[in-house]
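*Asks:* Dumping the structure here so I can ask a few things about it.
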Amino acid sequence: MKKTDAKKPVKKAAAQTNAGWEKTWSVLKLIGRYVYNFRALIISIPVVVIAIILACRNMAQLPDSVGINLLANGDYSFMVPKIVAVLTPVVITAFCTLLTMCSKRMLYPWIVSIFTLVLPILIWITNVYPV
């Protein structure tokens, strides 16, 4: 009788451990499902945050009139107001982020939105450090 008594708690403990793993696995599957469903939002949040940070930095550091298309002699092809030079890259990034959210294949518009983050840096470099 002692042998059967010793085996019962072991089986009970194993069943409880199995139930714990099943519960943990079901929670992890649920979290994975939500991450998969909202993956466009998850990958777009850092791009939007960086775009806003770059826009704030450019708004503080750019001159009132910003030159676009730096020529070889050091002049600019045309000048635009600072607000246009700051908001244009933000609008382009927002459009790419919107395409990321709406697209079935979200990686391509997301990569384009990453490359749009170069625009505010390029505008800042060409206007603060002209050749």
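Ordering of the structure tokens sets the chain letters (A, B, ...); residue numbers start at 1 within each chain; ligands are numbered from 1 in the order shown.
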Segment 6-130 of chain A: which residues are strand (DSSP E) by DSSP, as a list in words?
*Replies:*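 So the strand (DSSP E) residues in segment 6-130 of chain A would be Ser65, Val66, Gly67, Ile68, Asn69, Leu70, Tyr76, Ser77, Phe78, Met79, Val80 and Pro81 of chain A.
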*Asks:* Could you pull out the alpha helix (DSSP H) residues of segment 41-87 of chain A from DSSP and send them as a list in words?
*Replies:*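 Written out, the alpha helix (DSSP H) residues of segment 41-87 of chain A are Leu41, Ile42, Ile43, Ser44, Ile45, Pro46, Val47, Val48, Val49, Ile50, Ala51, Ile52, Ile53, Leu54, Ala55, Cys56, Arg57, Asn58, Met59, Ala60, Gln61, Lys82, Ile83, Val84, Ala85, Val86 and Leu87 of chain A.
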*Asks:* If you measure from atom CA of Leu70 of chain A to atom CA of Thr126 of chain A, what distance in Å do you get, rounded to one decimal?
*Replies:*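 One can read the atom CA of Leu70 of chain A to atom CA of Thr126 of chain A distance as 7.2 Å.
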*Asks:* Just want the 10 Å neighbourhood of segment 80-83 of chain A, counted on only C-alpha atoms, with same-chain residues fewer than 5 positions away dropped. Output as a PyMOL selection string.
*Replies:* chain A and resi 55+58-68+88
*Asks:* Between atom CA of Cys56 of chain A and atom CA of Leu119 of chain A, measure the distance and give it in Å to one decimal.
*Replies:* 13.7 Å
